[in-house]
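To start, the structure under review is shown below, and the notes come after it.
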Amino acid sequence: MTTSNCLHALRAALALICLIFVASCASRQEPPPTLQVAPAPPPAPRASHSTTNQVRASFMGTKPAGRPTASGEAYDPNDLTAASKTLPLGSIVEVTNPSNGRSVRVRINDRGPYVKGRSIDLSKRAAEEIGLTEEGVGRVKIRRVDSKPAARATPGLSEARRSKPSEAPSSKPNEPSASDTPALAPGVSAISASAGASNQ
């Protein structure tokens, strides 16, 4: 074999190797691009049922003690109660004095105050708990704790039942009682006794 023939065979072999390599590269499939998933946004904060408002408050002294409130009970200066024009009767409200940070929970049992610019009227004890008695009127923070009205019994029903003694049903007039009916002899029925009485 001549040198030229060897060179031709070598070139052909190299060309064949190159074609095989190119074909293998072309047939190789590239992996699909990786999808990047964006992180989920953090959950939104849950809305709170209790809202805090800053309003102007006053307090009731001892003068109206015993006066009936809108809930039907008498005003007691030593109870932790308050009057409001909008909050439901029986709801529980937390009142905070922002000047000293003291708080007290009161129950709404009356309507008022009917003074312009005031939203809540505290009992004397509630005002003392947060240090409002010295100023008399001041701004407070109100947070509704429980808005469910308290169940109220029918007024006067239990008292009426207690005041009226139980009365036995009265017997009808001209109707003989059991004590007026004479005892019958053994073997004598009521029919025969009444028949004998009519024959007499």
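Identifiers for the structure tokens are assigned positionally: chains receive A, B, ... in sequence, residues are indexed from 1 per chain, and ligands are indexed from 1 in the order shown.
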Tell me, as a compact mmCIF listing (two decimals) with C-alpha atoms, in the first residue's frame, which residues lie within 8 Å of region 112-128 of chain A, counting only C-alpha atoms; anything in the same chain fewer than 5 positions away does not count.
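The new file around.txt reads:
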# COMPACT_ATOMS: atom_id res chain seq x y z
CA VAL A 55 -62.85 58.75 72.58
CA ARG A 56 -63.68 61.31 75.22
CA ALA A 57 -65.03 59.92 78.50
CA SER A 58 -66.61 61.23 81.68
CA PHE A 59 -67.90 59.54 84.81
CA MET A 60 -71.05 59.46 86.93
CA GLY A 61 -70.73 60.21 90.61
CA THR A 62 -72.78 58.96 93.52
CA ASP A 76 -74.58 51.40 91.47
CA PRO A 77 -71.49 53.64 91.69
CA ASN A 78 -69.46 50.69 93.03
CA ASP A 79 -70.12 48.47 89.99
CA LEU A 80 -67.80 48.39 86.96
CA THR A 81 -70.37 49.66 84.48
CA ALA A 82 -70.65 52.39 81.87
CA ALA A 83 -73.12 54.17 79.62
CA SER A 84 -72.73 54.40 75.84
CA LYS A 85 -74.87 55.76 73.03
CA VAL A 104 -60.52 48.48 83.42
CA VAL A 106 -66.76 47.60 82.21
CA THR A 133 -61.82 61.04 88.80
